[in-house]
Amino acid sequence: MDHLAQFADTLDRIRKSNDIFEKAKLIKYLKDLDVKLSHIAKALGMKPSYVAHYLRLNKLPDIIVDGYYSKLVSSTHLFILSRLKNDAQMIKVYDTVLSESLTALQTEELVREELYQTKTEGERYLPEEAARLERFLERAIDEKLRLKVIQTRIRAKFIIEVKGSLARTTPLLRKLQKLLSDK
């Protein structure tokens, strides 16, 4: 059977399978044939990130796979657990999922804590607060700017954008630096 026929046959088997681990193994098989993830995704009508999630299922320890087949955890739990870096982490979190009957959302929080050593606590920086900060900075440097706030559960950043040449933006950056260092 030539590569194109193998590819088509494997895609057909992936589409027909109801077993997520079989799908994961078949996707890995295609990947091992040097088929690009983007090609696999396009052929299956999935996003490449979703195909990558399936690939990660192949690294789950047998105890977690058995837990899925025993209906102790859902497929969503599996996708979340597969984000962890090693078997020890996966088994540790899996044990907690079972012992505390964690939902998928709670499992995601626990995995985030394990990966980034940070808890999701506190409150979000509100858009109104960002708008106030933007107005404050504009008054301080006497220029129109664009402030973008990106906040996730594990980090936050401000992006301050001022358009113009170096002759225009360098003095503005120095004003901002002075403003921030004087406080």
# chains A, B, ... in the order shown; residues from 1 in each chain; ligands from 1
>>> residues_around(residues="range 132-135 of chain A", least_positions_apart="3", cutoff="8 Å", atoms="only C-alpha atoms", output="PyMOL selection string")
chain A and resi 128-129+138-139+145-147
>>> select_by_dssp(residues="range 44-90 of chain A", states="helix (DSSP H, G or I)", output="PDB file with N, CA and C atoms, in the first residue's frame")
ATOM      1  N   LEU A  44      -8.690  16.050   8.919  1.00  0.00           N
ATOM      2  CA  LEU A  44      -9.710  15.605   9.878  1.00  0.00           C
ATOM      3  C   LEU A  44     -10.725  16.708  10.194  1.00  0.00           C
ATOM      4  N   PRO A  48      -5.111  22.292  14.535  1.00  0.00           N
ATOM      5  CA  PRO A  48      -3.859  21.612  14.882  1.00  0.00           C
ATOM      6  C   PRO A  48      -3.668  21.441  16.393  1.00  0.00           C
ATOM      7  N   SER A  49      -4.123  22.407  17.170  1.00  0.00           N
ATOM      8  CA  SER A  49      -3.973  22.293  18.634  1.00  0.00           C
ATOM      9  C   SER A  49      -4.776  21.106  19.170  1.00  0.00           C
ATOM     10  N   TYR A  50      -5.930  20.840  18.577  1.00  0.00           N
ATOM     11  CA  TYR A  50      -6.752  19.719  19.021  1.00  0.00           C
ATOM     12  C   TYR A  50      -6.080  18.390  18.686  1.00  0.00           C
ATOM     13  N   VAL A  51      -5.463  18.331  17.516  1.00  0.00           N
ATOM     14  CA  VAL A  51      -4.722  17.131  17.134  1.00  0.00           C
ATOM     15  C   VAL A  51      -3.548  16.929  18.094  1.00  0.00           C
ATOM     16  N   ALA A  52      -2.901  18.025  18.483  1.00  0.00           N
ATOM     17  CA  ALA A  52      -1.798  17.943  19.446  1.00  0.00           C
ATOM     18  C   ALA A  52      -2.291  17.420  20.797  1.00  0.00           C
ATOM     19  N   HIS A  53      -3.497  17.801  21.188  1.00  0.00           N
ATOM     20  CA  HIS A  53      -4.081  17.265  22.432  1.00  0.00           C
ATOM     21  C   HIS A  53      -4.207  15.744  22.355  1.00  0.00           C
ATOM     22  N   TYR A  54      -4.681  15.275  21.216  1.00  0.00           N
ATOM     23  CA  TYR A  54      -4.793  13.819  21.026  1.00  0.00           C
ATOM     24  C   TYR A  54      -3.426  13.150  21.112  1.00  0.00           C
ATOM     25  N   LEU A  55      -2.431  13.744  20.501  1.00  0.00           N
ATOM     26  CA  LEU A  55      -1.084  13.168  20.547  1.00  0.00           C
ATOM     27  C   LEU A  55      -0.580  13.033  21.984  1.00  0.00           C
ATOM     28  N   ARG A  56      -0.890  14.019  22.817  1.00  0.00           N
ATOM     29  CA  ARG A  56      -0.438  13.978  24.216  1.00  0.00           C
ATOM     30  C   ARG A  56      -1.052  12.816  24.985  1.00  0.00           C
ATOM     31  N   LEU A  57      -2.214  12.342  24.558  1.00  0.00           N
ATOM     32  CA  LEU A  57      -2.856  11.218  25.254  1.00  0.00           C
ATOM     33  C   LEU A  57      -1.974   9.972  25.230  1.00  0.00           C
ATOM     34  N   ASP A  62      -0.522   3.985  32.168  1.00  0.00           N
ATOM     35  CA  ASP A  62      -1.570   2.959  32.066  1.00  0.00           C
ATOM     36  C   ASP A  62      -2.641   3.088  33.141  1.00  0.00           C
ATOM     37  N   ILE A  63      -2.254   3.480  34.343  1.00  0.00           N
ATOM     38  CA  ILE A  63      -3.232   3.590  35.437  1.00  0.00           C
ATOM     39  C   ILE A  63      -4.311   4.617  35.106  1.00  0.00           C
ATOM     40  N   ILE A  64      -3.927   5.681  34.414  1.00  0.00           N
ATOM     41  CA  ILE A  64      -4.902   6.711  34.039  1.00  0.00           C
ATOM     42  C   ILE A  64      -5.772   6.221  32.883  1.00  0.00           C
ATOM     43  N   VAL A  65      -5.165   5.524  31.944  1.00  0.00           N
ATOM     44  CA  VAL A  65      -5.923   4.938  30.837  1.00  0.00           C
ATOM     45  C   VAL A  65      -6.958   3.963  31.398  1.00  0.00           C
ATOM     46  N   ASP A  66      -6.534   3.120  32.343  1.00  0.00           N
ATOM     47  CA  ASP A  66      -7.463   2.174  32.982  1.00  0.00           C
ATOM     48  C   ASP A  66      -8.592   2.915  33.693  1.00  0.00           C
ATOM     49  N   GLY A  67      -8.266   4.039  34.321  1.00  0.00           N
ATOM     50  CA  GLY A  67      -9.283   4.844  35.008  1.00  0.00           C
ATOM     51  C   GLY A  67     -10.328   5.375  34.050  1.00  0.00           C
ATOM     52  N   TYR A  68      -9.900   5.706  32.847  1.00  0.00           N
ATOM     53  CA  TYR A  68     -10.841   6.185  31.835  1.00  0.00           C
ATOM     54  C   TYR A  68     -11.776   5.053  31.409  1.00  0.00           C
ATOM     55  N   TYR A  69     -11.203   3.884  31.109  1.00  0.00           N
ATOM     56  CA  TYR A  69     -12.016   2.752  30.674  1.00  0.00           C
ATOM     57  C   TYR A  69     -12.926   2.251  31.792  1.00  0.00           C
ATOM     58  N   SER A  75     -13.051  11.937  29.359  1.00  0.00           N
ATOM     59  CA  SER A  75     -12.045  12.253  28.334  1.00  0.00           C
ATOM     60  C   SER A  75     -11.504  13.668  28.542  1.00  0.00           C
ATOM     61  N   THR A  76     -12.322  14.568  29.026  1.00  0.00           N
ATOM     62  CA  THR A  76     -11.857  15.930  29.317  1.00  0.00           C
ATOM     63  C   THR A  76     -10.767  15.898  30.379  1.00  0.00           C
ATOM     64  N   HIS A  77     -10.962  15.084  31.408  1.00  0.00           N
ATOM     65  CA  HIS A  77      -9.925  14.918  32.430  1.00  0.00           C
ATOM     66  C   HIS A  77      -8.617  14.446  31.792  1.00  0.00           C
ATOM     67  N   LEU A  78      -8.736  13.505  30.851  1.00  0.00           N
ATOM     68  CA  LEU A  78      -7.539  12.963  30.200  1.00  0.00           C
ATOM     69  C   LEU A  78      -6.768  14.045  29.452  1.00  0.00           C
ATOM     70  N   PHE A  79      -7.485  14.856  28.692  1.00  0.00           N
ATOM     71  CA  PHE A  79      -6.826  15.918  27.940  1.00  0.00           C
ATOM     72  C   PHE A  79      -6.120  16.888  28.889  1.00  0.00           C
ATOM     73  N   ILE A  80      -6.751  17.177  30.009  1.00  0.00           N
ATOM     74  CA  ILE A  80      -6.163  18.096  30.989  1.00  0.00           C
ATOM     75  C   ILE A  80      -4.948  17.456  31.652  1.00  0.00           C
ATOM     76  N   LEU A  81      -5.073  16.215  32.095  1.00  0.00           N
ATOM     77  CA  LEU A  81      -3.957  15.524  32.750  1.00  0.00           C
ATOM     78  C   LEU A  81      -2.757  15.363  31.825  1.00  0.00           C
ATOM     79  N   ASP A  87       5.160  11.304  34.252  1.00  0.00           N
ATOM     80  CA  ASP A  87       4.247  10.312  34.844  1.00  0.00           C
ATOM     81  C   ASP A  87       3.967  10.593  36.313  1.00  0.00           C
ATOM     82  N   ALA A  88       5.003  10.967  37.059  1.00  0.00           N
ATOM     83  CA  ALA A  88       4.831  11.207  38.499  1.00  0.00           C
ATOM     84  C   ALA A  88       3.810  12.317  38.744  1.00  0.00           C
ATOM     85  N   GLN A  89       3.933  13.413  38.003  1.00  0.00           N
ATOM     86  CA  GLN A  89       2.971  14.512  38.142  1.00  0.00           C
ATOM     87  C   GLN A  89       1.568  14.049  37.763  1.00  0.00           C
ATOM     88  N   MET A  90       1.473  13.324  36.652  1.00  0.00           N
ATOM     89  CA  MET A  90       0.164  12.872  36.182  1.00  0.00           C
ATOM     90  C   MET A  90      -0.513  11.970  37.203  1.00  0.00           C
TER      91      MET A  90
END
>>> atom_distance(atom1="CA of Ile141 in chain A", atom2="CA of Lys175 in chain A")
6.0 Å
>>> closest_residue(among="A:Glu22, A:Glu161, A:Asp32, A:Glu123", to="Asn58 in chain A", atoms="only C-alpha atoms")
A:Glu22
>>> closest_residue(among="A:Asp12, A:Asp142, A:Asp19, A:Glu114", to="Ile40 in chain A", atoms="only C-alpha atoms")
A:Asp12
>>> atom_distance(atom1="CA of Leu72 in chain A", atom2="CA of Ser101 in chain A")
9.1 Å
>>> select_by_dssp(residues="chain A", states="strand (DSSP E or B)", output="VMD selection string")
chain A and resid 146 to 151 156 to 161
